[in-house]
Amino acid sequence: MTWWAIDVRTRPEGRERIGAWLVARTGQAVEERDDGTLVTFAPDESAADALMADIGLAAEGIAPETSRRRIEPVDWSVRWRDGLGSRSFGRLTVAPSWAAGPVDADGPIVVLDPEMAFGSGEHGSTRIALSLLERLVRPGDLVLDLGSGSGILALAAVKLGAGRAVGIENDAEANIVALRNAARNGVEGAVEFLDGDAGDLALLLGPADMILSNILRSANTALLPAIATALAPDGIAIFSGMEAAEAPLFLPALESAGFVAFQEATDTGWWGVAARRS
């Protein structure tokens with residue numbers, strides 16, 4: 001079987017909705033590239049053409065730009081690993097579990113296999129969250145990671161000195177992956193991964209010294225009241241998962257929720273911010 005890739009380019013404000021539609025339409029995960037292009041797949045050329053036609057019909061307002069391309073048969077379960085290596089974030093190094101030989105690093109190391117969960121350290125939004133976390137986490141902190149995916153941020157927090165980290169994820173399969181990664185790093189006793197609603201569980205787990213929310217802007221905005229309540233008075237909240245163009249939209253909402261932004265970061269078109277309660 002020869003699969004086809006369909007590239008979908010749409011405006012930032014419509015990207016989340018089109019992405020969700022593609023997942024529902026195809027039953028597959030959708031790749032989002034650093035430039036905002038959404039990539040999905042079809043099993044043959046006719047299916048690709050049909051999907052492109054449906055995308056145009058499903059669009060509200062200006063239809064997304066779509067194109068298709070043939071892809072050679074490969075084992076995608078391992079091919080995505082090609083070219084991925086260790087990355088450093090200040091004191092912290094994130095290394096893939098399949099890396100050959102020992103990792104050359106002086107500081108803490110997170111050994112990770114994201115499998116099918118989000119969070120490998122390769123996406124700009126994750127790199128921003130890791131960079132801000134590395135600079136700002138304090139020894140003994142209780143850290144909550146909302147939308148924890150592969151567990152990368154929770155694991156990094158503990159490796160950097162946090163006393164305890166709790167990941168909250170509504171995808172039970174992702175939590176299975178995160179638990180495997182915790183075991184791989186020998187930190188099972190310091191991290192926990194819970195299934196459920198991030199806002200509800202954050203309120204029960206707080207007050208937290210640090211809360212990480214590497215999700216979409218809409219989700220980050222919706223979680224602001226819960227994060228403000230769950231955060232300790234001197235706590236730090238780190239928000240990522242947003243494009244640089246969304247910063248002027250999120251910052252007023254952040255201020256209205258009672259936060260003061262004190263540090264921002266960008267990476268390949270993505271943006272994140274660290275804030276304290278005012």
# chains A, B, ... in the order shown; residues from 1 in each chain; ligands from 1
$ residues_around --residues "region 188-202 of chain A" --least-positions-apart "4" --cutoff "9 Å" --atoms "only C-alpha atoms" --output "ChimeraX atom specification"
/A:144-148,151,154-155,158,162-172,175-176,178-179,181-184,206-208,211,222-227,229-231
$ residues_around --residues "Gly107 (chain A)" --least-positions-apart "3" --cutoff "8 Å" --atoms "only C-alpha atoms" --output "list of chain:residue names"
A:Arg91, A:Leu92, A:Thr93
$ closest_residue --among "A:Pro233, A:Phe239, A:Ala228, A:Val110" --to "Ser256 (chain A)" --atoms "only C-alpha atoms"
A:Ala228
$ residues_around --residues "Ala53 (chain A)" --least-positions-apart "5" --cutoff "12 Å" --atoms "only C-alpha atoms" --output "PDB file with N, CA and C atoms, in the first residue's frame"
ATOM      1  N   ILE A   6      -1.268  14.513   3.296  1.00  0.00           N
ATOM      2  CA  ILE A   6      -2.029  15.710   2.934  1.00  0.00           C
ATOM      3  C   ILE A   6      -1.577  16.846   3.851  1.00  0.00           C
ATOM      4  N   VAL A   8      -2.081  20.584   5.189  1.00  0.00           N
ATOM      5  CA  VAL A   8      -3.195  21.524   5.343  1.00  0.00           C
ATOM      6  C   VAL A   8      -2.660  22.806   5.981  1.00  0.00           C
ATOM      7  N   SER A  46      -6.965   8.111  -4.133  1.00  0.00           N
ATOM      8  CA  SER A  46      -8.372   8.503  -4.174  1.00  0.00           C
ATOM      9  C   SER A  46      -8.869   8.936  -2.803  1.00  0.00           C
ATOM     10  N   ALA A  47      -8.397   8.260  -1.768  1.00  0.00           N
ATOM     11  CA  ALA A  47      -8.788   8.651  -0.410  1.00  0.00           C
ATOM     12  C   ALA A  47      -8.221  10.019  -0.063  1.00  0.00           C
ATOM     13  N   ALA A  48      -7.008  10.303  -0.544  1.00  0.00           N
ATOM     14  CA  ALA A  48      -6.409  11.618  -0.318  1.00  0.00           C
ATOM     15  C   ALA A  48      -7.225  12.711  -1.000  1.00  0.00           C
ATOM     16  N   ALA A  58     -15.740  21.332   4.884  1.00  0.00           N
ATOM     17  CA  ALA A  58     -15.867  21.485   6.335  1.00  0.00           C
ATOM     18  C   ALA A  58     -15.402  22.841   6.830  1.00  0.00           C
ATOM     19  N   ALA A  59     -14.619  23.533   6.018  1.00  0.00           N
ATOM     20  CA  ALA A  59     -14.056  24.811   6.456  1.00  0.00           C
ATOM     21  C   ALA A  59     -15.135  25.871   6.614  1.00  0.00           C
ATOM     22  N   ALA A  63     -11.310  28.718   2.967  1.00  0.00           N
ATOM     23  CA  ALA A  63     -10.922  27.313   2.965  1.00  0.00           C
ATOM     24  C   ALA A  63      -9.407  27.183   3.124  1.00  0.00           C
ATOM     25  N   PRO A  64      -8.947  26.180   3.868  1.00  0.00           N
ATOM     26  CA  PRO A  64      -7.501  25.969   4.009  1.00  0.00           C
ATOM     27  C   PRO A  64      -6.874  25.606   2.665  1.00  0.00           C
ATOM     28  N   GLU A  65      -5.587  25.882   2.525  1.00  0.00           N
ATOM     29  CA  GLU A  65      -4.830  25.424   1.366  1.00  0.00           C
ATOM     30  C   GLU A  65      -4.409  23.975   1.620  1.00  0.00           C
ATOM     31  N   THR A  66      -4.630  23.111   0.651  1.00  0.00           N
ATOM     32  CA  THR A  66      -4.273  21.703   0.813  1.00  0.00           C
ATOM     33  C   THR A  66      -3.442  21.230  -0.373  1.00  0.00           C
ATOM     34  N   SER A  67      -2.580  20.287  -0.118  1.00  0.00           N
ATOM     35  CA  SER A  67      -1.804  19.638  -1.172  1.00  0.00           C
ATOM     36  C   SER A  67      -1.520  18.207  -0.721  1.00  0.00           C
ATOM     37  N   ARG A  68      -1.245  17.334  -1.661  1.00  0.00           N
ATOM     38  CA  ARG A  68      -0.965  15.942  -1.315  1.00  0.00           C
ATOM     39  C   ARG A  68       0.345  15.505  -1.948  1.00  0.00           C
TER      40      ARG A  68
END
$ atom_distance --atom1 "CA of Val39 (chain A)" --atom2 "CA of Glu72 (chain A)"
15.7 Å
$ closest_atom_pairs --of "region 121-240 of chain A" --to "region 265-277 of chain A" --cutoff "6 Å" --atoms "only C-alpha atoms" --output "CSV"
residue,atom,partner,partner_atom,distance
A:Gly124,CA,A:Asp267,CA,5.3
A:Ser125,CA,A:Trp270,CA,5.8
A:Ile236,CA,A:Arg276,CA,5.1
A:Ala237,CA,A:Ala275,CA,5.3
A:Ile238,CA,A:Ala274,CA,4.4
A:Phe239,CA,A:Val273,CA,5.4
A:Ser240,CA,A:Gly272,CA,4.2
$ write_last_selection --atoms "C-alpha atoms" --output "PDB file, in the first residue's frame"
ATOM      1  CA  GLY A 124       9.138  24.141  19.999  1.00  0.00           C
ATOM      2  CA  SER A 125       6.427  24.407  22.642  1.00  0.00           C
ATOM      3  CA  ILE A 236       5.086  30.077  39.416  1.00  0.00           C
ATOM      4  CA  ALA A 237       2.888  29.121  36.464  1.00  0.00           C
ATOM      5  CA  ILE A 238       4.442  28.301  33.098  1.00  0.00           C
ATOM      6  CA  PHE A 239       2.261  28.395  29.997  1.00  0.00           C
ATOM      7  CA  SER A 240       3.321  27.105  26.587  1.00  0.00           C
TER       8      SER A 240
END
$ select_by_dssp --residues "region 3-237 of chain A" --states "strand (DSSP E or B)" --output "PyMOL selection string"
chain A and resi 4-9+31-32+38-42+65-70+87-89+92-96+109-112+142-146+164-169+191-195+208-214+231-237
$ write_last_selection --atoms "C-alpha atoms" --output "short mmCIF file (atom, residue, chain, number, x, y, z; two decimals), in the first residue's frame"
data_model
loop_
_atom_site.label_atom_id
_atom_site.label_comp_id
_atom_site.auth_asym_id
_atom_site.auth_seq_id
_atom_site.Cartn_x
_atom_site.Cartn_y
_atom_site.Cartn_z
CA TRP A 4 -0.33 9.77 0.76
CA ALA A 5 0.36 12.76 3.00
CA ILE A 6 -2.03 15.71 2.93
CA ASP A 7 -0.61 19.09 4.01
CA VAL A 8 -3.19 21.52 5.34
CA ARG A 9 -2.34 25.20 5.77
CA GLU A 31 1.12 16.20 12.94
CA GLU A 32 1.59 19.94 13.44
CA LEU A 38 -1.16 20.25 9.70
CA VAL A 39 -0.23 16.90 8.17
CA THR A 40 -2.55 13.91 7.94
CA PHE A 41 -2.44 10.71 5.89
CA ALA A 42 -4.63 8.68 3.55
CA GLU A 65 -4.83 25.42 1.37
CA THR A 66 -4.27 21.70 0.81
CA SER A 67 -1.80 19.64 -1.17
CA ARG A 68 -0.97 15.94 -1.31
CA ARG A 69 2.20 13.95 -1.87
CA ARG A 70 3.05 10.30 -2.24
CA ARG A 87 19.06 18.04 23.63
CA SER A 88 20.32 20.26 26.41
CA PHE A 89 18.28 22.80 28.37
CA LEU A 92 19.19 19.37 31.90
CA THR A 93 19.73 16.90 29.06
CA VAL A 94 16.88 15.02 27.38
CA ALA A 95 18.03 11.87 25.59
CA PRO A 96 16.02 9.35 23.53
CA ILE A 109 19.41 13.44 32.31
CA VAL A 110 15.87 12.48 31.32
CA VAL A 111 15.83 9.34 29.16
CA LEU A 112 12.61 9.34 27.17
CA LEU A 142 5.48 20.45 44.26
CA VAL A 143 4.97 20.62 40.50
CA LEU A 144 1.72 19.98 38.60
CA ASP A 145 1.95 19.23 34.87
CA LEU A 146 -1.39 19.78 33.14
CA ARG A 164 7.27 15.76 43.79
CA ALA A 165 5.59 16.09 40.41
CA VAL A 166 2.07 15.09 39.39
CA GLY A 167 1.05 14.83 35.74
CA ILE A 168 -2.61 15.15 34.80
CA GLU A 169 -3.76 13.79 31.46
CA VAL A 191 6.13 11.29 40.20
CA GLU A 192 2.51 10.36 39.72
CA PHE A 193 0.27 10.45 36.65
CA LEU A 194 -3.49 10.85 37.02
CA ASP A 195 -6.35 10.44 34.54
CA ALA A 208 1.40 23.81 44.12
CA ASP A 209 4.72 25.62 43.92
CA MET A 210 4.81 25.35 40.13
CA ILE A 211 2.13 24.57 37.56
CA LEU A 212 3.01 23.74 33.94
CA SER A 213 0.43 24.01 31.19
CA ASN A 214 1.80 23.17 27.75
CA LEU A 231 -1.03 27.89 42.82
CA ALA A 232 0.72 28.72 46.10
CA PRO A 233 1.00 32.46 46.88
CA ASP A 234 4.66 32.51 45.82
CA GLY A 235 4.18 29.90 43.10
CA ILE A 236 5.09 30.08 39.42
CA ALA A 237 2.89 29.12 36.46
#
$ select_by_dssp --residues "region 19-236 of chain A" --states "helix (DSSP H, G or I)" --output "PyMOL selection string"
chain A and resi 19-26+45-58+76-79+124-136+152-159+172-184+198-205+217-230
$ closest_residue --among "A:Thr126, A:Ala174, A:Ala157, A:Phe250" --to "Arg138 (chain A)" --atoms "only C-alpha atoms"
A:Ala157
$ atom_distance --atom1 "CA of Gly56 (chain A)" --atom2 "CA of Arg33 (chain A)"
20.5 Å
$ residues_around --residues "Trp21 (chain A)" --least-positions-apart "5" --cutoff "9 Å" --atoms "only C-alpha atoms" --output "JSON, numbers by chain"
{"A": [16, 26, 55, 58]}
$ decode --residues "region 200-232 of chain A" --atoms "N, CA and C atoms" --output "PDB file, in the first residue's frame"
ATOM      1  N   ASP A 200     -10.068  20.327  37.493  1.00  0.00           N
ATOM      2  CA  ASP A 200     -10.639  19.743  38.711  1.00  0.00           C
ATOM      3  C   ASP A 200      -9.556  19.165  39.613  1.00  0.00           C
ATOM      4  N   LEU A 201      -8.635  18.400  39.021  1.00  0.00           N
ATOM      5  CA  LEU A 201      -7.616  17.739  39.826  1.00  0.00           C
ATOM      6  C   LEU A 201      -6.591  18.729  40.371  1.00  0.00           C
ATOM      7  N   ALA A 202      -6.289  19.778  39.612  1.00  0.00           N
ATOM      8  CA  ALA A 202      -5.347  20.789  40.110  1.00  0.00           C
ATOM      9  C   ALA A 202      -5.860  21.410  41.403  1.00  0.00           C
ATOM     10  N   LEU A 203      -7.152  21.669  41.469  1.00  0.00           N
ATOM     11  CA  LEU A 203      -7.742  22.259  42.668  1.00  0.00           C
ATOM     12  C   LEU A 203      -7.596  21.330  43.867  1.00  0.00           C
ATOM     13  N   LEU A 204      -7.676  20.032  43.630  1.00  0.00           N
ATOM     14  CA  LEU A 204      -7.561  19.066  44.719  1.00  0.00           C
ATOM     15  C   LEU A 204      -6.114  18.859  45.160  1.00  0.00           C
ATOM     16  N   LEU A 205      -5.180  19.041  44.228  1.00  0.00           N
ATOM     17  CA  LEU A 205      -3.772  18.765  44.509  1.00  0.00           C
ATOM     18  C   LEU A 205      -3.016  19.964  45.057  1.00  0.00           C
ATOM     19  N   GLY A 206      -3.542  21.162  44.850  1.00  0.00           N
ATOM     20  CA  GLY A 206      -2.834  22.353  45.294  1.00  0.00           C
ATOM     21  C   GLY A 206      -2.867  22.515  46.803  1.00  0.00           C
ATOM     22  N   PRO A 207      -2.158  23.503  47.346  1.00  0.00           N
ATOM     23  CA  PRO A 207      -1.385  24.513  46.605  1.00  0.00           C
ATOM     24  C   PRO A 207      -0.072  23.956  46.059  1.00  0.00           C
ATOM     25  N   ALA A 208       0.197  24.275  44.802  1.00  0.00           N
ATOM     26  CA  ALA A 208       1.402  23.806  44.119  1.00  0.00           C
ATOM     27  C   ALA A 208       2.399  24.955  43.996  1.00  0.00           C
ATOM     28  N   ASP A 209       3.677  24.609  44.060  1.00  0.00           N
ATOM     29  CA  ASP A 209       4.722  25.622  43.920  1.00  0.00           C
ATOM     30  C   ASP A 209       4.954  26.005  42.459  1.00  0.00           C
ATOM     31  N   MET A 210       4.676  25.083  41.572  1.00  0.00           N
ATOM     32  CA  MET A 210       4.809  25.350  40.130  1.00  0.00           C
ATOM     33  C   MET A 210       3.748  24.568  39.381  1.00  0.00           C
ATOM     34  N   ILE A 211       3.113  25.224  38.415  1.00  0.00           N
ATOM     35  CA  ILE A 211       2.126  24.566  37.555  1.00  0.00           C
ATOM     36  C   ILE A 211       2.551  24.793  36.112  1.00  0.00           C
ATOM     37  N   LEU A 212       2.640  23.703  35.357  1.00  0.00           N
ATOM     38  CA  LEU A 212       3.013  23.739  33.944  1.00  0.00           C
ATOM     39  C   LEU A 212       1.785  23.439  33.106  1.00  0.00           C
ATOM     40  N   SER A 213       1.568  24.227  32.072  1.00  0.00           N
ATOM     41  CA  SER A 213       0.428  24.009  31.189  1.00  0.00           C
ATOM     42  C   SER A 213       0.875  24.214  29.749  1.00  0.00           C
ATOM     43  N   ASN A 214       1.332  23.138  29.137  1.00  0.00           N
ATOM     44  CA  ASN A 214       1.800  23.170  27.750  1.00  0.00           C
ATOM     45  C   ASN A 214       0.690  22.601  26.873  1.00  0.00           C
ATOM     46  N   ILE A 215      -0.336  23.417  26.656  1.00  0.00           N
ATOM     47  CA  ILE A 215      -1.511  22.976  25.903  1.00  0.00           C
ATOM     48  C   ILE A 215      -1.805  24.037  24.843  1.00  0.00           C
ATOM     49  N   LEU A 216      -3.000  24.090  24.339  1.00  0.00           N
ATOM     50  CA  LEU A 216      -3.399  25.119  23.391  1.00  0.00           C
ATOM     51  C   LEU A 216      -3.822  26.382  24.141  1.00  0.00           C
ATOM     52  N   ARG A 217      -3.826  27.507  23.429  1.00  0.00           N
ATOM     53  CA  ARG A 217      -4.206  28.769  24.076  1.00  0.00           C
ATOM     54  C   ARG A 217      -5.614  28.689  24.648  1.00  0.00           C
ATOM     55  N   SER A 218      -6.542  28.089  23.919  1.00  0.00           N
ATOM     56  CA  SER A 218      -7.919  28.010  24.409  1.00  0.00           C
ATOM     57  C   SER A 218      -7.987  27.232  25.723  1.00  0.00           C
ATOM     58  N   ALA A 219      -7.233  26.138  25.805  1.00  0.00           N
ATOM     59  CA  ALA A 219      -7.222  25.344  27.037  1.00  0.00           C
ATOM     60  C   ALA A 219      -6.500  26.091  28.154  1.00  0.00           C
ATOM     61  N   ASN A 220      -5.388  26.723  27.832  1.00  0.00           N
ATOM     62  CA  ASN A 220      -4.676  27.512  28.843  1.00  0.00           C
ATOM     63  C   ASN A 220      -5.564  28.606  29.418  1.00  0.00           C
ATOM     64  N   THR A 221      -6.308  29.274  28.552  1.00  0.00           N
ATOM     65  CA  THR A 221      -7.192  30.352  29.002  1.00  0.00           C
ATOM     66  C   THR A 221      -8.293  29.808  29.898  1.00  0.00           C
ATOM     67  N   ALA A 222      -8.882  28.680  29.484  1.00  0.00           N
ATOM     68  CA  ALA A 222      -9.958  28.087  30.283  1.00  0.00           C
ATOM     69  C   ALA A 222      -9.468  27.623  31.651  1.00  0.00           C
ATOM     70  N   LEU A 223      -8.207  27.243  31.738  1.00  0.00           N
ATOM     71  CA  LEU A 223      -7.649  26.731  32.996  1.00  0.00           C
ATOM     72  C   LEU A 223      -7.161  27.823  33.931  1.00  0.00           C
ATOM     73  N   LEU A 224      -7.109  29.070  33.491  1.00  0.00           N
ATOM     74  CA  LEU A 224      -6.553  30.146  34.312  1.00  0.00           C
ATOM     75  C   LEU A 224      -7.195  30.260  35.700  1.00  0.00           C
ATOM     76  N   PRO A 225      -8.521  30.216  35.834  1.00  0.00           N
ATOM     77  CA  PRO A 225      -9.088  30.329  37.195  1.00  0.00           C
ATOM     78  C   PRO A 225      -8.648  29.189  38.112  1.00  0.00           C
ATOM     79  N   ALA A 226      -8.623  27.963  37.582  1.00  0.00           N
ATOM     80  CA  ALA A 226      -8.206  26.827  38.399  1.00  0.00           C
ATOM     81  C   ALA A 226      -6.738  26.931  38.770  1.00  0.00           C
ATOM     82  N   ILE A 227      -5.899  27.355  37.820  1.00  0.00           N
ATOM     83  CA  ILE A 227      -4.469  27.480  38.101  1.00  0.00           C
ATOM     84  C   ILE A 227      -4.227  28.561  39.148  1.00  0.00           C
ATOM     85  N   ALA A 228      -4.936  29.683  39.036  1.00  0.00           N
ATOM     86  CA  ALA A 228      -4.782  30.762  40.015  1.00  0.00           C
ATOM     87  C   ALA A 228      -5.135  30.289  41.421  1.00  0.00           C
ATOM     88  N   THR A 229      -6.157  29.445  41.537  1.00  0.00           N
ATOM     89  CA  THR A 229      -6.577  28.938  42.843  1.00  0.00           C
ATOM     90  C   THR A 229      -5.616  27.865  43.365  1.00  0.00           C
ATOM     91  N   ALA A 230      -5.122  27.018  42.469  1.00  0.00           N
ATOM     92  CA  ALA A 230      -4.283  25.889  42.876  1.00  0.00           C
ATOM     93  C   ALA A 230      -2.836  26.284  43.136  1.00  0.00           C
ATOM     94  N   LEU A 231      -2.420  27.470  42.691  1.00  0.00           N
ATOM     95  CA  LEU A 231      -1.033  27.888  42.819  1.00  0.00           C
ATOM     96  C   LEU A 231      -0.779  28.499  44.201  1.00  0.00           C
ATOM     97  N   ALA A 232       0.332  28.126  44.815  1.00  0.00           N
ATOM     98  CA  ALA A 232       0.723  28.718  46.100  1.00  0.00           C
ATOM     99  C   ALA A 232       0.962  30.218  45.928  1.00  0.00           C
TER     100      ALA A 232
END
